[in-house]
Amino acid sequence: MKSFSLLVLFISLTTHLRAQTGATKSEIRGIVIDSVSGKPLRQASVALLSARDSSYITATITDGDGLFELRTMAKGSYRLLITFLGYRNLSRPFTITSEKPVLNLGILRMIEQSNQLQEVVIRQESTPIAVKGDTLEFNAGSFKTQPNAQVEELLRKLPGMEVSRDGNIKAQGQAVSRVLVDGKPFFGNDPKMATRNLPADIVDKVQLYDQSSDQSQFSGIDDGNRERTINLTLKRDKRKGYFGQNSLGLGTARDGQDNRYQARLNLNRFNNGRQLSLIGQANNLNQQNFTLADPSASGPVFVGSPGSTPSGNPQTPTNVVEVRAGGLNYRDKWGQHAEIATSYFLNQAITTSNQQSYRTSVLPENSLITDQSSSSQNRQLMHRYSARLDWQLDSLTSLRLTPNLSWQTSDYSSQNNSQSTLPGLPGSTPKLVNKGETSYGSDGNSLNLYNNLLLMRKFHREGRTLSLNLNTTLGDGDTQAINQTTNTFYDSTGTNPLTNRLNQQNCQTSYGLQNTLTLSYTEPLSLTQKLEFKYIYSLSSNQADRHVADLNESTGLYDRTNSLLSNAFTSAFATHRAGATLQTRRLRYTYSLGLEVQQSLLQTNNRSVDTIQRRTYLNLLPNALFNYTFSGNRNLRIQYRTRLNAPSITQLQPIIDNTNPLNIRIGNTALAPEFYNSLTLTYNGSSGQGNKSLFVFASLNQSNNRIATATAISNAGIQTTQPINTGGYWSATGVFSLGRTLQPSKIGLTLTTNASFSRAISFINDLSNESKTSSIGQGVRLQSNFNNSLEYGVSGNLAYQTASYSLLPKQNTTFWSQYATADLYWKLPFRLVLTSDVTYTATTGRAAGYNQQFVLWNAALARQFFKGNTGELRIQVFDLLNQNRSLTRNTTDTYIEDVQSRILRRYLLVSFVYNLRKFGI
């Protein structure tokens with residue numbers, strides 16, 4: 001019944017959108033040119049406004065000939081507003097009548113703007129959501145947030161956005177890997193630095209788009225390497241001044257946990273283009289206003305890439321983190337030709353983890369059950385430096401340099417206990433296979449460098465460009481570890497134990513360097529067509545040396561080299577790629593077709609046995625793009641890409657990794673690169689002055705030589721996994737989001753449906769295993785701004801997931817997960833503020849003891865002080881009912897695992913918060 005209601009709602013909204021389009025009969029046409037040269041102005045913005053109140057109706061851009069065409073809703077008086085960078089705004093009133101449904105405005109001449117021209121301001125009520133080409137723009141003022149809230153709270157209220165409890169962002173089911181401020185980086189590439197450290201009330205617009213590479217943006221031809229990006233444009237009156245949130249708090253905890261503390265420093269000085277930010281924090285509340293791992297070291301997350309699947313539930317923390325961190329961000333223009341954005345950040349994190357897991361591994365005609373408990377602590381110190389330098393060498397030539405550097409040290413220790421059994425006949429006791437105890441400790445350091453150098457040259461003929469891009473990635477690490485294990489194995493009756501002990505020292509060094517050189521030349525064939533020629537050379541060189549020594553009990557030293565576990569290995573992957581792309585750009589649509597040829601060489605050198613292997617590959621890499629902008633604020637984008645992924649040195653190195661002797665890993669020198677076909681579709685639409693919205697995202701990935709795993713499980717329950725190339729892989733994901741503002745209460749309603757399906761082939765004891773997984777979820781959110789004193793929101797999600805295995809059909813499983821949340825902000829008399837949020841979580845279909853049903857309730861009461869309520873004394877209680885839990889399920893090609901983690905429970909915190917707000921100075 002609920003599904004039927006949602007279907008009816010969707011059909012009614014879609015019909016309404018179509019009815020609006022069908023009612024369009026009147027047309028306005030014209031040509032926009034330069035008033036002096038008579039040259040057509042391509043991609044000038046043409047907006048249709050109501051003559052009565054200047055409210056926005058629709059918009060378009062001019063084509064390569066300066067032509068534009070608009071369709072109106074009905075007869076009446078309108079105003080045309082044309083804008084183009086470097087020119088004065090052009091406004092032209094007109095009237096549409098039934099006698100003249102088609103109006104040709106002829107040639108419209110725009111005058112170049114001088115430096116002293118005063119700004120023309122068109123005052124109108126901004127629409128909540130607007131589609132501008134392939135950019136989705138949210139008006140921040142239409143999504144009210146609590147006073148002094150951070151940007152993260154604003155994002156949670158935007159249709160199609162998900163923000164997990166640990167601050168990770170998904171937009172239309174895809175991970176957001178970059179957040180910019182006025183189009184420029186803020187503390188490098190870490191999205192949380194902007195979303196968790198900047199106040200929501202300084203944001204004017206939130207722009208969501210898939211950002212292409214810097215070189216692709218310059219050439220104007222998409223190279224397919226797109227990252228989901230959010231750009232925060234600031235309000236004009238907030239671009240100059242001082243602001244920041246600073247706080248200090250102390251509290252107590254239950255269940256034997258440490259007392260709680262929290263301190264935060266946040267000072268920002270913005271002066272239009274110049275920015276200076278100082279950020280610091282220290283707490284043991286699992287609160288990090290930054291990403292613990294280095295975002296640059298992990299590389300960008302490309303839109304629609306394999307493994308990007310929608311999630312129906314917010315991520316649940318799986319550990320407890322104590323942090324101390326501080327950093328400085330600086331941005332400014334250096335003279336007339338250079339602009340720099342740079343930052344330094346230092347953090348120390350102590351991550352404590354306590355987990356219990358229940359894993360069911362698939363065997364031919366059986367399953368292996370592993371119960372495991374583990375505890376660990378990781379002390380990590382990390383330095384990060386990032387910068388972006390834009391230098392205009394002359395009027396036609398520019399240079400961009402983007403270095404990112406990180407250095408970290410870590411001290412890690414863990415304890416692990418496990419027990420594996422084989423299920424017996426119904427009603428019988430499971431048969432014990434093995435038991436294991438592992439104590440592991442390591443310390444190490446690593447250096448990571450990422451740098452991009454881009455030289456861009458324009459020519460006097462518009463559209464003709466030449467660019468040279470050099471991308472460098474370097475990683476250098478050194479780790480020393482002590483591994484002590486005791487494993488007990490049982491015979492076929494589950495008796496007669498045999499004990500095996502290991503006490504080893506493991507020293508490992510790793511080094512990797514990749515350089516990629518891209519040369520791009522674009523040539524305009526006409527005003528609407530452009531051809532790009534591209535050549536790419538890439539060389540990735542890696543080295544991994546591992547030395548393992550057993551304890552010599554007679555000397556007490558680790559001086560007995562274990563040659564079976566020691567190895568020195570190098571790999572190199574070199575590619576030459578050349579091709580061309582033809583792009584056609586018209587008023588409403590853009591499409592491009594391209595083909596590249598790539599020759600690759602994969603070379604491995606097992607230096608321990610002096611064995612060298614070389615293999616060459618020849619691949620065709622086609623690509624295609626189609627982008628269509630409909631009238632009425634709607635855009636459709638379809639893209640097809642191919643990608644070749646080389647195996648990592650860890651996957652290639654033929655060495656036994658016995659860190660866990662019951663789960664051994666070994667590399668495979670015979671691996672070939674993965675070849676993926678990817679198809680993505682994105683649709684954004686809004687109507688009713690942005691009060692109705694429809695977002696659709698879908699992706700399909702396919703590979704016939706995906707790197708999967710081959711698992712061998714012995715009678716003693718020892719699992720040995722090795723990567724292999726397999727075929728028959730495909731995965732599909734989709735997100736459908738429908739939003740509407742309910743009048744006159746202005747309650748925002750968002751319905752989100754997400755789904756994912758996958759098929760993969762793996763091998764277990766040399767037998768082929770086909771695994772299929774699927775999930776579908778339905779979410780709903782109601783957000784209301786009742787008045788300036790009361791705000792509330794309610795949301796919920798229901799998800800259904802399945803997993804099936806051809807080798808063991810009886811292990812096929814289905815499970816449900818559901819959650820519901822409610823949040824409240826209430827201004828009380830005497831400058832008191834009450835805030836509260838409640839989350840209900842429940843799961844079914846999991847292993848015994850790993851299902852959950854609990855309520856997490858947080859509440860805070862604050863008393864505000866000072867002018868503008870900038871000061872606040874707050875009493876906060878986290879997990880009032882003391883029920884907080886963390887239970888997650890991992891589903892792979894060969895096993896299903898339920899994990900329960902110890903996380904923060906109830907605590908009380910008393911804190912003082914001061915919000916600095918001084919703008920215009």
# chains A, B, ... in the order shown; residues from 1 in each chain; ligands from 1

$ residues_around --residues "A:Asn347" --least-positions-apart "5" --cutoff "8 Å" --atoms "only C-alpha atoms" --output "NGL selection string"
:A and (323-326 or 381-383)

$ residues_around --residues "A:Leu70" --least-positions-apart "4" --cutoff "9 Å" --atoms "only C-alpha atoms" --output "list in words"
Ser26, Glu27, Ile28, Arg29, Val46, Ala47, Leu48, Thr58, Ala59, Thr60 and Ser631 of chain A

$ write_last_selection --atoms "N, CA and C atoms" --output "PDB file, in the first residue's frame"
ATOM      1  N   SER A  26       4.146  30.153 -26.333  1.00  0.00           N
ATOM      2  CA  SER A  26       4.788  31.369 -26.813  1.00  0.00           C
ATOM      3  C   SER A  26       6.298  31.177 -26.875  1.00  0.00           C
ATOM      4  N   GLU A  27       6.911  31.896 -27.840  1.00  0.00           N
ATOM      5  CA  GLU A  27       8.346  31.772 -28.038  1.00  0.00           C
ATOM      6  C   GLU A  27       8.968  33.156 -28.152  1.00  0.00           C
ATOM      7  N   ILE A  28      10.210  33.268 -27.622  1.00  0.00           N
ATOM      8  CA  ILE A  28      11.002  34.489 -27.749  1.00  0.00           C
ATOM      9  C   ILE A  28      12.344  34.091 -28.307  1.00  0.00           C
ATOM     10  N   ARG A  29      12.804  34.806 -29.335  1.00  0.00           N
ATOM     11  CA  ARG A  29      14.068  34.497 -29.978  1.00  0.00           C
ATOM     12  C   ARG A  29      14.913  35.751 -30.087  1.00  0.00           C
ATOM     13  N   VAL A  46      20.740  33.861 -20.487  1.00  0.00           N
ATOM     14  CA  VAL A  46      19.507  34.571 -20.834  1.00  0.00           C
ATOM     15  C   VAL A  46      18.419  34.109 -19.878  1.00  0.00           C
ATOM     16  N   ALA A  47      17.945  35.023 -19.013  1.00  0.00           N
ATOM     17  CA  ALA A  47      16.937  34.683 -18.012  1.00  0.00           C
ATOM     18  C   ALA A  47      15.621  35.387 -18.329  1.00  0.00           C
ATOM     19  N   LEU A  48      14.530  34.659 -18.172  1.00  0.00           N
ATOM     20  CA  LEU A  48      13.190  35.214 -18.368  1.00  0.00           C
ATOM     21  C   LEU A  48      12.588  35.488 -16.993  1.00  0.00           C
ATOM     22  N   THR A  58      12.374  31.064 -16.242  1.00  0.00           N
ATOM     23  CA  THR A  58      13.197  30.051 -16.887  1.00  0.00           C
ATOM     24  C   THR A  58      14.450  30.738 -17.407  1.00  0.00           C
ATOM     25  N   ALA A  59      15.383  29.927 -17.929  1.00  0.00           N
ATOM     26  CA  ALA A  59      16.632  30.488 -18.429  1.00  0.00           C
ATOM     27  C   ALA A  59      17.219  29.559 -19.475  1.00  0.00           C
ATOM     28  N   THR A  60      18.168  30.100 -20.241  1.00  0.00           N
ATOM     29  CA  THR A  60      18.888  29.309 -21.235  1.00  0.00           C
ATOM     30  C   THR A  60      20.224  29.998 -21.479  1.00  0.00           C
ATOM     31  N   SER A 631      13.951  22.735 -21.520  1.00  0.00           N
ATOM     32  CA  SER A 631      13.357  23.966 -21.014  1.00  0.00           C
ATOM     33  C   SER A 631      12.728  23.660 -19.656  1.00  0.00           C
TER      34      SER A 631
END

$ residues_around --residues "A:Gln207" --least-positions-apart "5" --cutoff "8 Å" --atoms "only C-alpha atoms" --output "short mmCIF file (atom, residue, chain, number, x, y, z; two decimals) with all heavy atoms, in the first residue's frame"
data_model
loop_
_atom_site.label_atom_id
_atom_site.label_comp_id
_atom_site.auth_asym_id
_atom_site.auth_seq_id
_atom_site.Cartn_x
_atom_site.Cartn_y
_atom_site.Cartn_z
N THR A 135 24.87 21.48 -13.43
CA THR A 135 25.05 21.87 -12.03
C THR A 135 23.70 22.01 -11.35
O THR A 135 22.79 22.65 -11.86
CB THR A 135 25.81 23.20 -11.93
OG1 THR A 135 27.12 23.04 -12.48
CG2 THR A 135 25.95 23.64 -10.48
N LEU A 136 23.59 21.39 -10.17
CA LEU A 136 22.38 21.50 -9.36
C LEU A 136 22.66 22.50 -8.25
O LEU A 136 23.61 22.33 -7.47
CB LEU A 136 22.03 20.13 -8.77
CG LEU A 136 20.70 19.99 -8.06
CD1 LEU A 136 19.54 20.26 -9.01
CD2 LEU A 136 20.56 18.59 -7.46
N GLU A 137 21.85 23.56 -8.18
CA GLU A 137 22.12 24.65 -7.24
C GLU A 137 20.99 24.77 -6.23
O GLU A 137 19.82 24.90 -6.60
CB GLU A 137 22.30 25.96 -8.00
CG GLU A 137 22.72 27.12 -7.10
CD GLU A 137 22.99 28.38 -7.90
OE1 GLU A 137 22.02 29.12 -8.17
OE2 GLU A 137 24.16 28.62 -8.26
N PHE A 138 21.35 24.73 -4.95
CA PHE A 138 20.41 24.89 -3.85
C PHE A 138 20.58 26.28 -3.25
O PHE A 138 21.72 26.70 -2.97
CB PHE A 138 20.64 23.84 -2.76
CG PHE A 138 20.51 22.42 -3.24
CD1 PHE A 138 21.62 21.73 -3.71
CD2 PHE A 138 19.30 21.75 -3.20
CE1 PHE A 138 21.52 20.42 -4.14
CE2 PHE A 138 19.18 20.44 -3.63
CZ PHE A 138 20.29 19.77 -4.10
N ILE A 230 31.04 19.53 -4.23
CA ILE A 230 30.15 20.57 -3.70
C ILE A 230 30.93 21.88 -3.64
O ILE A 230 32.06 21.92 -3.13
CB ILE A 230 29.62 20.19 -2.31
CG1 ILE A 230 28.62 19.05 -2.40
CG2 ILE A 230 28.99 21.40 -1.62
CD1 ILE A 230 28.12 18.56 -1.05
N ASN A 231 30.34 22.94 -4.17
CA ASN A 231 30.93 24.26 -4.07
C ASN A 231 30.01 25.14 -3.23
O ASN A 231 28.82 25.27 -3.51
CB ASN A 231 31.12 24.89 -5.45
CG ASN A 231 31.73 26.27 -5.37
OD1 ASN A 231 32.66 26.51 -4.59
ND2 ASN A 231 31.21 27.21 -6.14
N LEU A 232 30.57 25.74 -2.19
CA LEU A 232 29.83 26.64 -1.31
C LEU A 232 30.13 28.08 -1.74
O LEU A 232 31.27 28.54 -1.61
CB LEU A 232 30.24 26.43 0.14
CG LEU A 232 30.18 25.00 0.68
CD1 LEU A 232 30.80 24.92 2.08
CD2 LEU A 232 28.74 24.49 0.70
N THR A 233 29.14 28.76 -2.27
CA THR A 233 29.32 30.17 -2.59
C THR A 233 28.85 31.00 -1.40
O THR A 233 27.75 30.78 -0.88
CB THR A 233 28.55 30.56 -3.86
OG1 THR A 233 27.15 30.47 -3.62
CG2 THR A 233 28.92 29.65 -5.01
#

$ closest_residue --among "A:Ser714, A:Gln599, A:Gln355, A:Thr561" --to "A:Asp491" --atoms "only C-alpha atoms"
A:Ser714

$ residues_around --residues "A:Ile761" --least-positions-apart "3" --cutoff "9 Å" --atoms "only C-alpha atoms" --output "list in words"
Ala708, Thr709, Thr726, Gly727, Gly728, Tyr729, Ser768, Asn769, Glu770, Ser771 and Asp893 of chain A

$ residues_around --residues "A:Thr590" --least-positions-apart "3" --cutoff "7 Å" --atoms "only C-alpha atoms" --output "list in words"
Thr584, Arg585, Arg586, Phe626, Asn627 and Tyr628 of chain A

$ closest_residue --among "A:Ser571, A:Thr821, A:Ser678, A:Ser758" --to "A:Pro647" --atoms "only C-alpha atoms"
A:Ser571

$ atom_distance --atom1 "atom CA of A:Pro403" --atom2 "atom CA of A:Val181"
18.5 Å

$ select_by_dssp --residues "stretch 169-254 of chain A" --states "strand (DSSP E or B)" --output "PyMOL selection string"
chain A and resi 169-171+174-175+178-181+184-185+199+203-211+227-234+240-253

$ residues_around --residues "stretch 501-503 of chain A" --least-positions-apart "6" --cutoff "8 Å" --atoms "only C-alpha atoms" --output "mmCIF file with C-alpha atoms, in the first residue's frame"
data_model
loop_
_atom_site.group_PDB
_atom_site.id
_atom_site.type_symbol
_atom_site.label_atom_id
_atom_site.label_comp_id
_atom_site.auth_asym_id
_atom_site.auth_seq_id
_atom_site.Cartn_x
_atom_site.Cartn_y
_atom_site.Cartn_z
ATOM 1 C CA ILE A 482 56.196 -8.319 16.020
ATOM 2 C CA ASN A 483 53.666 -11.099 15.413
ATOM 3 C CA GLN A 484 53.055 -13.709 18.134
ATOM 4 C CA THR A 485 50.382 -16.364 17.527
ATOM 5 C CA THR A 486 49.190 -19.597 19.102
ATOM 6 C CA ASN A 487 46.936 -21.774 16.930
ATOM 7 C CA ASP A 550 61.804 -16.117 13.654
ATOM 8 C CA LEU A 551 62.773 -15.752 17.290
#

$ residues_around --residues "A:Ser213" --least-positions-apart "2" --cutoff "12 Å" --atoms "only C-alpha atoms" --output "list of chain:residue names"
A:Asp210, A:Gln211, A:Gln215, A:Ser216, A:Gln217, A:Phe218, A:Ser219, A:Gly220, A:Ile221, A:Asp222, A:Asp223, A:Gly224, A:Asn225, A:Arg226, A:Glu227, A:Arg228, A:Thr229, A:Pro300, A:Phe302, A:Asn452, A:Leu454, A:Asn469, A:Asn471, A:Thr518

$ write_last_selection --atoms "N, CA and C atoms" --output "PDB file, in the first residue's frame"
ATOM      1  N   ASP A 210      29.558  17.297 -11.008  1.00  0.00           N
ATOM      2  CA  ASP A 210      30.655  16.342 -11.176  1.00  0.00           C
ATOM      3  C   ASP A 210      31.805  17.086 -11.837  1.00  0.00           C
ATOM      4  N   GLN A 211      32.826  17.382 -11.039  1.00  0.00           N
ATOM      5  CA  GLN A 211      33.918  18.221 -11.538  1.00  0.00           C
ATOM      6  C   GLN A 211      34.918  17.387 -12.326  1.00  0.00           C
ATOM      7  N   GLN A 215      42.664  19.949 -16.467  1.00  0.00           N
ATOM      8  CA  GLN A 215      42.978  20.003 -17.887  1.00  0.00           C
ATOM      9  C   GLN A 215      41.721  19.903 -18.732  1.00  0.00           C
ATOM     10  N   SER A 216      40.778  19.072 -18.318  1.00  0.00           N
ATOM     11  CA  SER A 216      39.523  18.939 -19.052  1.00  0.00           C
ATOM     12  C   SER A 216      38.712  20.229 -18.982  1.00  0.00           C
ATOM     13  N   GLN A 217      38.718  20.888 -17.835  1.00  0.00           N
ATOM     14  CA  GLN A 217      37.998  22.153 -17.724  1.00  0.00           C
ATOM     15  C   GLN A 217      38.588  23.205 -18.657  1.00  0.00           C
ATOM     16  N   PHE A 218      39.894  23.178 -18.804  1.00  0.00           N
ATOM     17  CA  PHE A 218      40.538  24.163 -19.678  1.00  0.00           C
ATOM     18  C   PHE A 218      40.233  23.881 -21.151  1.00  0.00           C
ATOM     19  N   SER A 219      40.337  22.617 -21.567  1.00  0.00           N
ATOM     20  CA  SER A 219      40.121  22.283 -22.976  1.00  0.00           C
ATOM     21  C   SER A 219      38.653  22.339 -23.360  1.00  0.00           C
ATOM     22  N   GLY A 220      37.760  22.165 -22.361  1.00  0.00           N
ATOM     23  CA  GLY A 220      36.332  22.176 -22.641  1.00  0.00           C
ATOM     24  C   GLY A 220      35.799  20.844 -23.111  1.00  0.00           C
ATOM     25  N   ILE A 221      36.630  19.788 -23.106  1.00  0.00           N
ATOM     26  CA  ILE A 221      36.208  18.456 -23.522  1.00  0.00           C
ATOM     27  C   ILE A 221      36.393  17.499 -22.356  1.00  0.00           C
ATOM     28  N   ASP A 222      35.343  16.811 -22.008  1.00  0.00           N
ATOM     29  CA  ASP A 222      35.321  15.950 -20.833  1.00  0.00           C
ATOM     30  C   ASP A 222      36.252  14.750 -21.037  1.00  0.00           C
ATOM     31  N   ASP A 223      37.114  14.471 -20.030  1.00  0.00           N
ATOM     32  CA  ASP A 223      37.988  13.307 -20.113  1.00  0.00           C
ATOM     33  C   ASP A 223      37.476  12.136 -19.282  1.00  0.00           C
ATOM     34  N   GLY A 224      36.312  12.288 -18.669  1.00  0.00           N
ATOM     35  CA  GLY A 224      35.702  11.194 -17.926  1.00  0.00           C
ATOM     36  C   GLY A 224      36.143  11.088 -16.494  1.00  0.00           C
ATOM     37  N   ASN A 225      37.215  11.766 -16.092  1.00  0.00           N
ATOM     38  CA  ASN A 225      37.691  11.690 -14.714  1.00  0.00           C
ATOM     39  C   ASN A 225      36.979  12.745 -13.870  1.00  0.00           C
ATOM     40  N   ARG A 226      35.771  12.394 -13.472  1.00  0.00           N
ATOM     41  CA  ARG A 226      34.940  13.349 -12.749  1.00  0.00           C
ATOM     42  C   ARG A 226      34.789  12.949 -11.286  1.00  0.00           C
ATOM     43  N   GLU A 227      34.848  13.943 -10.400  1.00  0.00           N
ATOM     44  CA  GLU A 227      34.634  13.740  -8.972  1.00  0.00           C
ATOM     45  C   GLU A 227      33.371  14.485  -8.551  1.00  0.00           C
ATOM     46  N   ARG A 228      32.575  13.844  -7.716  1.00  0.00           N
ATOM     47  CA  ARG A 228      31.393  14.530  -7.204  1.00  0.00           C
ATOM     48  C   ARG A 228      31.842  15.629  -6.253  1.00  0.00           C
ATOM     49  N   THR A 229      31.426  16.861  -6.553  1.00  0.00           N
ATOM     50  CA  THR A 229      31.960  18.041  -5.883  1.00  0.00           C
ATOM     51  C   THR A 229      30.837  18.936  -5.399  1.00  0.00           C
ATOM     52  N   PRO A 300      41.273  10.367  -5.799  1.00  0.00           N
ATOM     53  CA  PRO A 300      39.892  10.828  -5.981  1.00  0.00           C
ATOM     54  C   PRO A 300      38.920   9.677  -6.125  1.00  0.00           C
ATOM     55  N   PHE A 302      35.951   8.609  -8.270  1.00  0.00           N
ATOM     56  CA  PHE A 302      35.321   8.978  -9.524  1.00  0.00           C
ATOM     57  C   PHE A 302      33.843   8.604  -9.516  1.00  0.00           C
ATOM     58  N   ASN A 452      50.397  18.058  -9.034  1.00  0.00           N
ATOM     59  CA  ASN A 452      49.868  18.221 -10.389  1.00  0.00           C
ATOM     60  C   ASN A 452      50.362  19.553 -10.949  1.00  0.00           C
ATOM     61  N   LEU A 454      50.137  21.900 -14.345  1.00  0.00           N
ATOM     62  CA  LEU A 454      49.344  22.079 -15.559  1.00  0.00           C
ATOM     63  C   LEU A 454      49.743  23.390 -16.232  1.00  0.00           C
ATOM     64  N   ASN A 469      50.086  18.467 -18.956  1.00  0.00           N
ATOM     65  CA  ASN A 469      49.779  18.149 -17.562  1.00  0.00           C
ATOM     66  C   ASN A 469      50.719  17.049 -17.076  1.00  0.00           C
ATOM     67  N   ASN A 471      51.355  14.755 -13.736  1.00  0.00           N
ATOM     68  CA  ASN A 471      50.800  14.323 -12.456  1.00  0.00           C
ATOM     69  C   ASN A 471      51.775  13.339 -11.810  1.00  0.00           C
ATOM     70  N   THR A 518      50.264  14.194 -19.778  1.00  0.00           N
ATOM     71  CA  THR A 518      49.139  14.288 -20.709  1.00  0.00           C
ATOM     72  C   THR A 518      49.303  15.533 -21.583  1.00  0.00           C
TER      73      THR A 518
END

$ select_by_dssp --residues "stretch 79-242 of chain A" --states "helix (DSSP H, G or I)" --output "list of chain:residue names"
A:Ala140, A:Gly141, A:Ser142, A:Val151, A:Glu152, A:Glu153, A:Leu154, A:Leu155, A:Arg156, A:Pro191, A:Lys192, A:Met193, A:Ala194, A:Thr195, A:Ala200, A:Asp201, A:Ile202, A:Asp214, A:Gln215, A:Ser216, A:Gln217, A:Phe218, A:Ser219, A:Arg236, A:Asp237, A:Lys238

$ atom_distance --atom1 "atom CA of A:Tyr412" --atom2 "atom CA of A:Gly441"
5.6 Å

$ atom_distance --atom1 "atom CA of A:Ser373" --atom2 "atom CA of A:Thr841"
23.5 Å
